[in-house]
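Read the structure below first, then the notes.
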Amino acid sequence: MSDYLARLNPEQRLAVETLDGPLLVLAGAGTGKTRVLTTRFAHILLTKRAWPSQVLAVTFTNKAAREMRERIAAMLGGPAEGLWLGTFHALGARMLRRHAALAGLEPGFSILDTDDQLRLLKPLMQEAGLDLHRFPPQALMARIQRWKDRGLTPARVTPADDDPDFVQGHARALYAAYQQRLAAVNAADFGDLLLHATEILRNHPDVLAEYHRLIRYILVDEYQDTNLVQYLWLRLLAQAHRNICCVGDDDQSIYSWRGAEVENILRFEQDFPGARIVRLEANYRSTAPILAAAASLISHNEGRLGKTLRPARPGAEGEADGEKVSVIGLHDSDEEARMVGLRIEALRTAGHSLAEIAILVRASFQTRPFEERLIAWAIPYRVVGGLRFYERAEIRDAVAYLRATLRPGDDLAFERILNVPKRGLGDAALRRLREKARADEVPLAAVTDALAGRTKEAFSALLAGFARWREILRRDGSVLCLRAILEESGYAEMLEKDRSPEAPGRIENLKELGRALAEFETLEGFLDHVSLVMENDENAAGDRVSLMTLHAAKGLEFDTVFLPGWEDGLFPHQRALEEGGTKSLEEERRLAYVGLTRARSRAIVSHVANRRFYSGWQSAFPSRFISELPEDAVEHSGSALLERETALKSPPVFANVFSSPVRFPLVRDAREERAAPIAVGARVFHQKFGYGTVTGSEADRLVVDFESGTKRLLSSFVDPA
DNA sequence: CGTCGTCTTATTTTT
DNA sequence: TAAGACGACG
């Protein structure tokens, strides 16, 4: 028997070897899901049931796709080429490029980012006479996205899907107009990639048949996070041979806000009659207390498919059941950050690798106090999934230049860089260009005789530039073209002159863009890569603490996981409590479950009594999730311990906590306590200025002598030394 | 047309 | 608080 099969446990093996017919693998956290998927893929190939190009494997993130590709390559003993392996969006794009005409697009269509989308939508809303203050374009955009998530083209949107009160009942008409504009500028937004692809399969049986011939096996990762279009797309592709294997965990469904429908996984058996279900329940990752905590927490959700994780970690028994989950109450977020920093230091001293430590937060703004603390103590860290590489302004600018060079009709790209760097083509010039372009029915870059004087010259110079860059692109390739653009457009000069601290980083980013560009044969391929895949992996290497949102942590694991900010109103989030009812609360709980199950050996949950909120402070109660953890797997400690106990017994008035400035008497205010002991003559510590001596005070301000000089600052910025 | 200052407003989660 | 929008001035 093949040794790759021998390495699996019986349930995993069943999941790998059940090749014919629909199969749902319910894989709990840490049960070897990725291993099953990749082994299954390799098994299909090694048993010669299909060629690599006949298997379609879909993941949610690029990271997962990359990891799968690497693992498969390792199992096959060579690079895995020609696979249909990627994210839903990447595969959708690939499909759409092949059949662009069927969606009313040219094959070289652009993929828009959110800026472009709004720039397209805004004027349409204005034309409809909508007040953009009362109806934010983002809100309508979100509505359109949700429709796309559900596979609804404008024609398919029924009055039942529409809300007559929203944007004065214009939503559907604006959606149709928006789609027309997209086609007019030969562009697709993110949602279109799957919507168009699915629509093509629905409307063109010949194309569908082609894919049925082409693709024999389908593998789907994170099935619990698929939305309706993704489901429709998969079902269409799978309907001929029905060899579809979906792997997922309903307890880890955390993307409903993005249109994901847990129902997809819950009704798999009805969708694919005769489907088999395999449950993976042996958890190889976490200690018994962590699993007990996670299990107890998630048991408060209803409507689960039901799985019981059992500890199977090698040596789990030998480690005396492992450390209990720590729950620590603290006074405020700064203290929380200090606690985490101290513990990280202690772990480091004890020989733990920083790469095995993660801080997982609910919302991205929470990362700040931790970053400040880690910087102050010189603990290397990385923020995972923050600003993506492609989302940085300079990258978008450079890409817009490339897009406008490659596609003279790409008005959105052209508009973006028209006056970047400043060349005297401001709002007024743009307005005139737009009017003329509209009247003459030509792209912006083809407008003539719309401007006069200086602006005219600047515009001609820019057009001459593009003509030159197009020539360079054709003759010398994209890398030299990019270099010419940056030099000749004045963009490089603009950055060099920029004395702000970010400027050097921006220049670095552009160099990185050039390096990435060099790896692509065509500019078209590169542009797709950039909008679909490109990630920010600087800092990826090295021994660093990982700092990220809970959402970004799915699929990862660490020895030690810090879970700060478990307070009602923050986690579960206020909006989940106010809107969406039980469903949202359950999703928050699944998020907590995901967080806990990232930990192999240690999980440290913390909550604070006072959290920074805009400029002021708000008191907060411990998260209700904390009381859902089993007492015997948890150890409580911390300076806010008493408050926690009182708070948990108090009536549930949580909804008011964040929206009103009420201070609950049972929660001590960290400010008052801190402010008192700092008197004239006291030694204090400041994050930036270091140690100093207080020489005076007035109201809430202190006068402090630092080595670098005397400062007047808010007492809240210094700590007693 | 561009710059500077004031004012507002926002904090979920992202392919 | 802090970043972004917007309006008044040069």
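The chains in the structure tokens are called A, B, ... from first to last as shown; in each chain the residues are counted from 1, and the ligands are counted from 1 in the order shown.
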Subject >> All alpha helix (DSSP H) positions in range 361-453 of chain A, as a ChimeraX atom specification >> reply: /A:367-376,393-406,411-417,427-440,453
**OP:** May I ask you to extract the residues of chain B within 8 Å of chain A, using only C-alpha atoms (C1' of nucleotides), and to give them as a PyMOL selection string?
**Re:** chain B and resi 1+11-15
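Taking CA of Ile379 in chain A as the reference point, CA of Val545 in chain A is found at 7.7 Å.
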Subject >> Long-range neighbours of range 126-130 of chain A as a list in words, 10 Å cut-off, only C-alpha atoms (C1' of nucleotides), 4 positions minimum in chain >> reply: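 What passes the distance filter is Leu121, Lys122, Arg134, Phe135, Pro136, Pro137, Val167, Gln168, His170, Ala173 and Leu174 of chain A.
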With a distance cut-off of 10 Å and only C-alpha atoms (C1' of nucleotides), select the neighbouring residues of Ala450 in chain A, excluding the residue or stretch itself and same-chain residues fewer than 4 positions from it, and output the selection as a PDB file with all heavy atoms, in the first residue's frame.
ATOM      1  N   ALA A 429     -10.106  70.622 -15.301  1.00  0.00           N
ATOM      2  CA  ALA A 429      -9.660  69.988 -16.543  1.00  0.00           C
ATOM      3  C   ALA A 429     -10.348  68.638 -16.725  1.00  0.00           C
ATOM      4  O   ALA A 429     -10.823  68.306 -17.813  1.00  0.00           O
ATOM      5  CB  ALA A 429      -8.145  69.821 -16.523  1.00  0.00           C
ATOM      6  N   LEU A 430     -10.420  67.878 -15.637  1.00  0.00           N
ATOM      7  CA  LEU A 430     -11.039  66.556 -15.725  1.00  0.00           C
ATOM      8  C   LEU A 430     -12.500  66.683 -16.146  1.00  0.00           C
ATOM      9  O   LEU A 430     -12.983  65.916 -16.984  1.00  0.00           O
ATOM     10  CB  LEU A 430     -10.929  65.836 -14.376  1.00  0.00           C
ATOM     11  CG  LEU A 430     -11.621  64.477 -14.304  1.00  0.00           C
ATOM     12  CD1 LEU A 430     -11.026  63.524 -15.331  1.00  0.00           C
ATOM     13  CD2 LEU A 430     -11.483  63.862 -12.908  1.00  0.00           C
ATOM     14  N   ARG A 431     -13.170  67.678 -15.582  1.00  0.00           N
ATOM     15  CA  ARG A 431     -14.578  67.847 -15.922  1.00  0.00           C
ATOM     16  C   ARG A 431     -14.734  68.122 -17.417  1.00  0.00           C
ATOM     17  O   ARG A 431     -15.570  67.550 -18.084  1.00  0.00           O
ATOM     18  CB  ARG A 431     -15.173  68.996 -15.090  1.00  0.00           C
ATOM     19  CG  ARG A 431     -16.621  68.742 -14.694  1.00  0.00           C
ATOM     20  CD  ARG A 431     -17.114  69.777 -13.696  1.00  0.00           C
ATOM     21  NE  ARG A 431     -16.246  69.867 -12.521  1.00  0.00           N
ATOM     22  CZ  ARG A 431     -15.705  71.010 -12.082  1.00  0.00           C
ATOM     23  NH1 ARG A 431     -15.916  72.136 -12.736  1.00  0.00           N
ATOM     24  NH2 ARG A 431     -14.965  71.014 -10.997  1.00  0.00           N
ATOM     25  N   ARG A 432     -13.882  68.998 -17.923  1.00  0.00           N
ATOM     26  CA  ARG A 432     -13.972  69.323 -19.348  1.00  0.00           C
ATOM     27  C   ARG A 432     -13.667  68.097 -20.210  1.00  0.00           C
ATOM     28  O   ARG A 432     -14.349  67.829 -21.196  1.00  0.00           O
ATOM     29  CB  ARG A 432     -13.000  70.464 -19.679  1.00  0.00           C
ATOM     30  CG  ARG A 432     -13.730  71.772 -19.961  1.00  0.00           C
ATOM     31  CD  ARG A 432     -12.759  72.908 -20.098  1.00  0.00           C
ATOM     32  NE  ARG A 432     -12.845  73.785 -18.940  1.00  0.00           N
ATOM     33  CZ  ARG A 432     -11.805  74.404 -18.390  1.00  0.00           C
ATOM     34  NH1 ARG A 432     -10.595  74.228 -18.874  1.00  0.00           N
ATOM     35  NH2 ARG A 432     -11.981  75.175 -17.349  1.00  0.00           N
ATOM     36  N   LEU A 433     -12.651  67.351 -19.804  1.00  0.00           N
ATOM     37  CA  LEU A 433     -12.296  66.150 -20.569  1.00  0.00           C
ATOM     38  C   LEU A 433     -13.457  65.166 -20.582  1.00  0.00           C
ATOM     39  O   LEU A 433     -13.788  64.577 -21.609  1.00  0.00           O
ATOM     40  CB  LEU A 433     -11.056  65.484 -19.953  1.00  0.00           C
ATOM     41  CG  LEU A 433      -9.718  66.174 -20.212  1.00  0.00           C
ATOM     42  CD1 LEU A 433      -8.619  65.548 -19.370  1.00  0.00           C
ATOM     43  CD2 LEU A 433      -9.371  66.097 -21.698  1.00  0.00           C
ATOM     44  N   ARG A 434     -14.068  64.999 -19.430  1.00  0.00           N
ATOM     45  CA  ARG A 434     -15.175  64.046 -19.338  1.00  0.00           C
ATOM     46  C   ARG A 434     -16.321  64.449 -20.266  1.00  0.00           C
ATOM     47  O   ARG A 434     -16.873  63.619 -20.976  1.00  0.00           O
ATOM     48  CB  ARG A 434     -15.701  64.013 -17.904  1.00  0.00           C
ATOM     49  CG  ARG A 434     -14.984  63.025 -17.022  1.00  0.00           C
ATOM     50  CD  ARG A 434     -15.934  62.581 -15.912  1.00  0.00           C
ATOM     51  NE  ARG A 434     -15.210  61.944 -14.822  1.00  0.00           N
ATOM     52  CZ  ARG A 434     -15.244  62.360 -13.559  1.00  0.00           C
ATOM     53  NH1 ARG A 434     -15.955  63.413 -13.217  1.00  0.00           N
ATOM     54  NH2 ARG A 434     -14.580  61.708 -12.634  1.00  0.00           N
ATOM     55  N   GLU A 435     -16.631  65.745 -20.240  1.00  0.00           N
ATOM     56  CA  GLU A 435     -17.749  66.209 -21.076  1.00  0.00           C
ATOM     57  C   GLU A 435     -17.473  65.953 -22.554  1.00  0.00           C
ATOM     58  O   GLU A 435     -18.319  65.430 -23.275  1.00  0.00           O
ATOM     59  CB  GLU A 435     -17.981  67.713 -20.852  1.00  0.00           C
ATOM     60  CG  GLU A 435     -18.848  68.000 -19.649  1.00  0.00           C
ATOM     61  CD  GLU A 435     -18.766  69.459 -19.226  1.00  0.00           C
ATOM     62  OE1 GLU A 435     -18.437  70.312 -20.087  1.00  0.00           O
ATOM     63  OE2 GLU A 435     -19.005  69.736 -18.025  1.00  0.00           O
ATOM     64  N   LYS A 436     -16.248  66.290 -22.939  1.00  0.00           N
ATOM     65  CA  LYS A 436     -15.904  66.132 -24.353  1.00  0.00           C
ATOM     66  C   LYS A 436     -15.880  64.646 -24.736  1.00  0.00           C
ATOM     67  O   LYS A 436     -16.359  64.254 -25.809  1.00  0.00           O
ATOM     68  CB  LYS A 436     -14.538  66.781 -24.627  1.00  0.00           C
ATOM     69  CG  LYS A 436     -14.205  66.933 -26.103  1.00  0.00           C
ATOM     70  CD  LYS A 436     -15.069  68.022 -26.736  1.00  0.00           C
ATOM     71  CE  LYS A 436     -14.607  68.490 -28.129  1.00  0.00           C
ATOM     72  NZ  LYS A 436     -14.008  67.557 -29.015  1.00  0.00           N
ATOM     73  N   ALA A 437     -15.326  63.842 -23.833  1.00  0.00           N
ATOM     74  CA  ALA A 437     -15.244  62.400 -24.104  1.00  0.00           C
ATOM     75  C   ALA A 437     -16.641  61.829 -24.307  1.00  0.00           C
ATOM     76  O   ALA A 437     -16.889  61.013 -25.192  1.00  0.00           O
ATOM     77  CB  ALA A 437     -14.538  61.690 -22.953  1.00  0.00           C
ATOM     78  N   THR A 455      -3.065  73.831 -19.543  1.00  0.00           N
ATOM     79  CA  THR A 455      -3.623  72.501 -19.335  1.00  0.00           C
ATOM     80  C   THR A 455      -3.549  71.685 -20.626  1.00  0.00           C
ATOM     81  O   THR A 455      -3.286  70.495 -20.599  1.00  0.00           O
ATOM     82  CB  THR A 455      -5.092  72.593 -18.886  1.00  0.00           C
ATOM     83  OG1 THR A 455      -5.814  73.404 -19.806  1.00  0.00           O
ATOM     84  CG2 THR A 455      -5.201  73.161 -17.502  1.00  0.00           C
ATOM     85  N   LYS A 456      -3.752  72.396 -21.737  1.00  0.00           N
ATOM     86  CA  LYS A 456      -3.690  71.703 -23.017  1.00  0.00           C
ATOM     87  C   LYS A 456      -2.304  71.102 -23.214  1.00  0.00           C
ATOM     88  O   LYS A 456      -2.158  69.949 -23.620  1.00  0.00           O
ATOM     89  CB  LYS A 456      -4.017  72.677 -24.144  1.00  0.00           C
ATOM     90  CG  LYS A 456      -4.093  72.013 -25.508  1.00  0.00           C
ATOM     91  CD  LYS A 456      -4.263  73.051 -26.609  1.00  0.00           C
ATOM     92  CE  LYS A 456      -4.165  72.391 -27.976  1.00  0.00           C
ATOM     93  NZ  LYS A 456      -5.386  72.583 -28.759  1.00  0.00           N
ATOM     94  N   PHE A 459      -1.685  68.156 -20.961  1.00  0.00           N
ATOM     95  CA  PHE A 459      -2.423  66.985 -21.424  1.00  0.00           C
ATOM     96  C   PHE A 459      -1.727  66.351 -22.629  1.00  0.00           C
ATOM     97  O   PHE A 459      -1.551  65.132 -22.683  1.00  0.00           O
ATOM     98  CB  PHE A 459      -3.858  67.398 -21.774  1.00  0.00           C
ATOM     99  CG  PHE A 459      -4.755  66.241 -22.106  1.00  0.00           C
ATOM    100  CD1 PHE A 459      -5.045  65.269 -21.156  1.00  0.00           C
ATOM    101  CD2 PHE A 459      -5.318  66.132 -23.373  1.00  0.00           C
ATOM    102  CE1 PHE A 459      -5.872  64.202 -21.469  1.00  0.00           C
ATOM    103  CE2 PHE A 459      -6.145  65.065 -23.693  1.00  0.00           C
ATOM    104  CZ  PHE A 459      -6.424  64.102 -22.743  1.00  0.00           C
TER     105      PHE A 459
END
Original post:
What is the CA of Asp410 in chain A to CA of Arg396 in chain A distance in Å?
Top reply: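 Between these atoms lies a distance of 14.0 Å.
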Subject >> Straight-line distance linking CA of Ile144 in chain A with CA of Leu120 in chain A, stated in Å to one decimal >> reply: 13.0 Å
**OP:** Write out as a PyMOL selection string all residues of range 83-278 of chain A that backbone DSSP assigns to strand (DSSP E or B).
**Re:** chain A and resi 84-87+110-111+187-188+217-220+227+244-248+260+276-278
Subject >> Pick from A:Asp568, A:Ala187, A:Ala620, A:Arg612 nearest to chain C, counting only C-alpha atoms (C1' of nucleotides) >> reply: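 Of A:Asp568, A:Ala187, A:Ala620, A:Arg612, the one nearest chain C is A:Arg612, counting only C-alpha atoms (C1' of nucleotides).
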**OP:** Skip range 347-353 of chain A itself and residues of its chain fewer than 6 positions away, then list as a list in words all residues within 10 Å of it, counting only C-alpha atoms (C1' of nucleotides).
**Re:** Gly341, Ile379, Asp543, Arg544, Val545, Asp559 and Thr560 of chain A
Selection above as a file: N, CA, C and O atoms, as a PDB file, in the first residue's frame:
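Listing of part_4.pdb after writing:
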ATOM      1  N   GLY A 341       2.749  41.800  26.277  1.00  0.00           N
ATOM      2  CA  GLY A 341       4.166  42.014  26.030  1.00  0.00           C
ATOM      3  C   GLY A 341       5.036  41.300  27.048  1.00  0.00           C
ATOM      4  O   GLY A 341       6.017  40.639  26.700  1.00  0.00           O
ATOM      5  N   ILE A 379      10.284  43.915  20.424  1.00  0.00           N
ATOM      6  CA  ILE A 379       9.906  42.540  20.110  1.00  0.00           C
ATOM      7  C   ILE A 379       9.475  42.508  18.644  1.00  0.00           C
ATOM      8  O   ILE A 379       8.529  43.199  18.277  1.00  0.00           O
ATOM      9  N   ASP A 543      11.877  35.452  12.918  1.00  0.00           N
ATOM     10  CA  ASP A 543      11.215  34.997  14.126  1.00  0.00           C
ATOM     11  C   ASP A 543      10.414  36.154  14.702  1.00  0.00           C
ATOM     12  O   ASP A 543      10.943  37.008  15.400  1.00  0.00           O
ATOM     13  N   ARG A 544       9.138  36.189  14.366  1.00  0.00           N
ATOM     14  CA  ARG A 544       8.321  37.336  14.746  1.00  0.00           C
ATOM     15  C   ARG A 544       6.989  36.896  15.323  1.00  0.00           C
ATOM     16  O   ARG A 544       6.429  35.891  14.915  1.00  0.00           O
ATOM     17  N   VAL A 545       6.484  37.703  16.227  1.00  0.00           N
ATOM     18  CA  VAL A 545       5.134  37.512  16.731  1.00  0.00           C
ATOM     19  C   VAL A 545       4.155  37.895  15.617  1.00  0.00           C
ATOM     20  O   VAL A 545       4.380  38.855  14.896  1.00  0.00           O
ATOM     21  N   ASP A 559       1.660  27.849  18.831  1.00  0.00           N
ATOM     22  CA  ASP A 559       1.789  27.277  20.165  1.00  0.00           C
ATOM     23  C   ASP A 559       1.014  28.109  21.178  1.00  0.00           C
ATOM     24  O   ASP A 559       0.245  27.601  21.968  1.00  0.00           O
ATOM     25  N   THR A 560       1.261  29.402  21.123  1.00  0.00           N
ATOM     26  CA  THR A 560       0.636  30.308  22.083  1.00  0.00           C
ATOM     27  C   THR A 560      -0.240  31.312  21.352  1.00  0.00           C
ATOM     28  O   THR A 560       0.198  31.927  20.384  1.00  0.00           O
TER      29      THR A 560
END
Write out as a CSV table (one decimal) with all heavy atoms, in the first residue's frame which residues come within 10 Å of DG10 in chain C when counting only C-alpha atoms (C1' of nucleotides), dropping same-chain ones fewer than 3 positions away.
chain,number,residue,atom,x,y,z
B,2,DG,P,-3.3,71.5,-9.7
B,2,DG,OP1,-2.3,70.8,-10.4
B,2,DG,OP2,-4.6,70.9,-9.4
B,2,DG,O5',-2.7,72.1,-8.3
B,2,DG,C5',-1.6,73.0,-8.4
B,2,DG,C4',-1.4,73.6,-7.0
B,2,DG,O4',-2.4,74.5,-6.7
B,2,DG,C3',-1.3,72.5,-5.9
B,2,DG,O3',-0.3,72.9,-5.0
B,2,DG,C2',-2.7,72.6,-5.3
B,2,DG,C1',-3.0,74.1,-5.4
B,2,DG,N9,-4.4,74.5,-5.4
B,2,DG,C8,-5.4,73.9,-6.1
B,2,DG,N7,-6.6,74.5,-5.9
B,2,DG,C5,-6.3,75.5,-5.0
B,2,DG,C6,-7.1,76.5,-4.4
B,2,DG,O6,-8.4,76.6,-4.5
B,2,DG,N1,-6.4,77.3,-3.5
B,2,DG,C2,-5.1,77.3,-3.3
B,2,DG,N2,-4.6,78.2,-2.5
B,2,DG,N3,-4.3,76.4,-3.8
B,2,DG,C4,-4.9,75.5,-4.7
B,3,DT,P,0.2,71.8,-4.0
B,3,DT,OP1,1.6,71.4,-4.4
B,3,DT,OP2,-0.8,70.7,-3.8
B,3,DT,O5',0.2,72.6,-2.6
B,3,DT,C5',0.5,74.1,-2.7
B,3,DT,C4',-0.1,74.7,-1.4
B,3,DT,O4',-1.5,75.0,-1.7
B,3,DT,C3',-0.1,73.8,-0.2
B,3,DT,O3',0.4,74.6,0.9
B,3,DT,C2',-1.5,73.4,0.1
B,3,DT,C1',-2.3,74.6,-0.5
B,3,DT,N1,-3.7,74.3,-0.9
B,3,DT,C2,-4.7,75.2,-0.5
B,3,DT,O2,-4.5,76.2,0.1
B,3,DT,N3,-5.9,74.9,-1.0
B,3,DT,C4,-6.2,73.8,-1.8
B,3,DT,O4,-7.4,73.6,-2.1
B,3,DT,C5,-5.1,72.9,-2.1
B,3,DT,C7,-5.4,71.7,-3.0
B,3,DT,C6,-3.9,73.2,-1.7
B,4,DC,P,1.1,73.8,2.1
B,4,DC,OP1,2.5,74.2,2.2
B,4,DC,OP2,0.7,72.4,2.1
B,4,DC,O5',0.3,74.5,3.3
B,4,DC,C5',0.0,75.9,3.3
B,4,DC,C4',-1.3,76.2,4.0
B,4,DC,O4',-2.4,75.7,3.1
B,4,DC,C3',-1.5,75.5,5.3
B,4,DC,O3',-1.7,76.4,6.3
B,4,DC,C2',-2.7,74.5,5.1
B,4,DC,C1',-3.4,75.2,4.0
B,4,DC,N1,-4.2,74.2,3.2
B,4,DC,C2,-5.6,74.5,2.9
B,4,DC,O2,-6.1,75.5,3.3
B,4,DC,N3,-6.3,73.6,2.2
B,4,DC,C4,-5.7,72.4,1.8
B,4,DC,N4,-6.5,71.6,1.1
B,4,DC,C5,-4.4,72.1,2.0
B,4,DC,C6,-3.7,73.0,2.7
Subject >> Close residues, range 3-5 of chain C itself excluded, 9 Å, only C-alpha atoms (C1' of nucleotides), min 2 positions apart in chain, as an MDAnalysis selection string >> reply: chainID B and resid 7:9
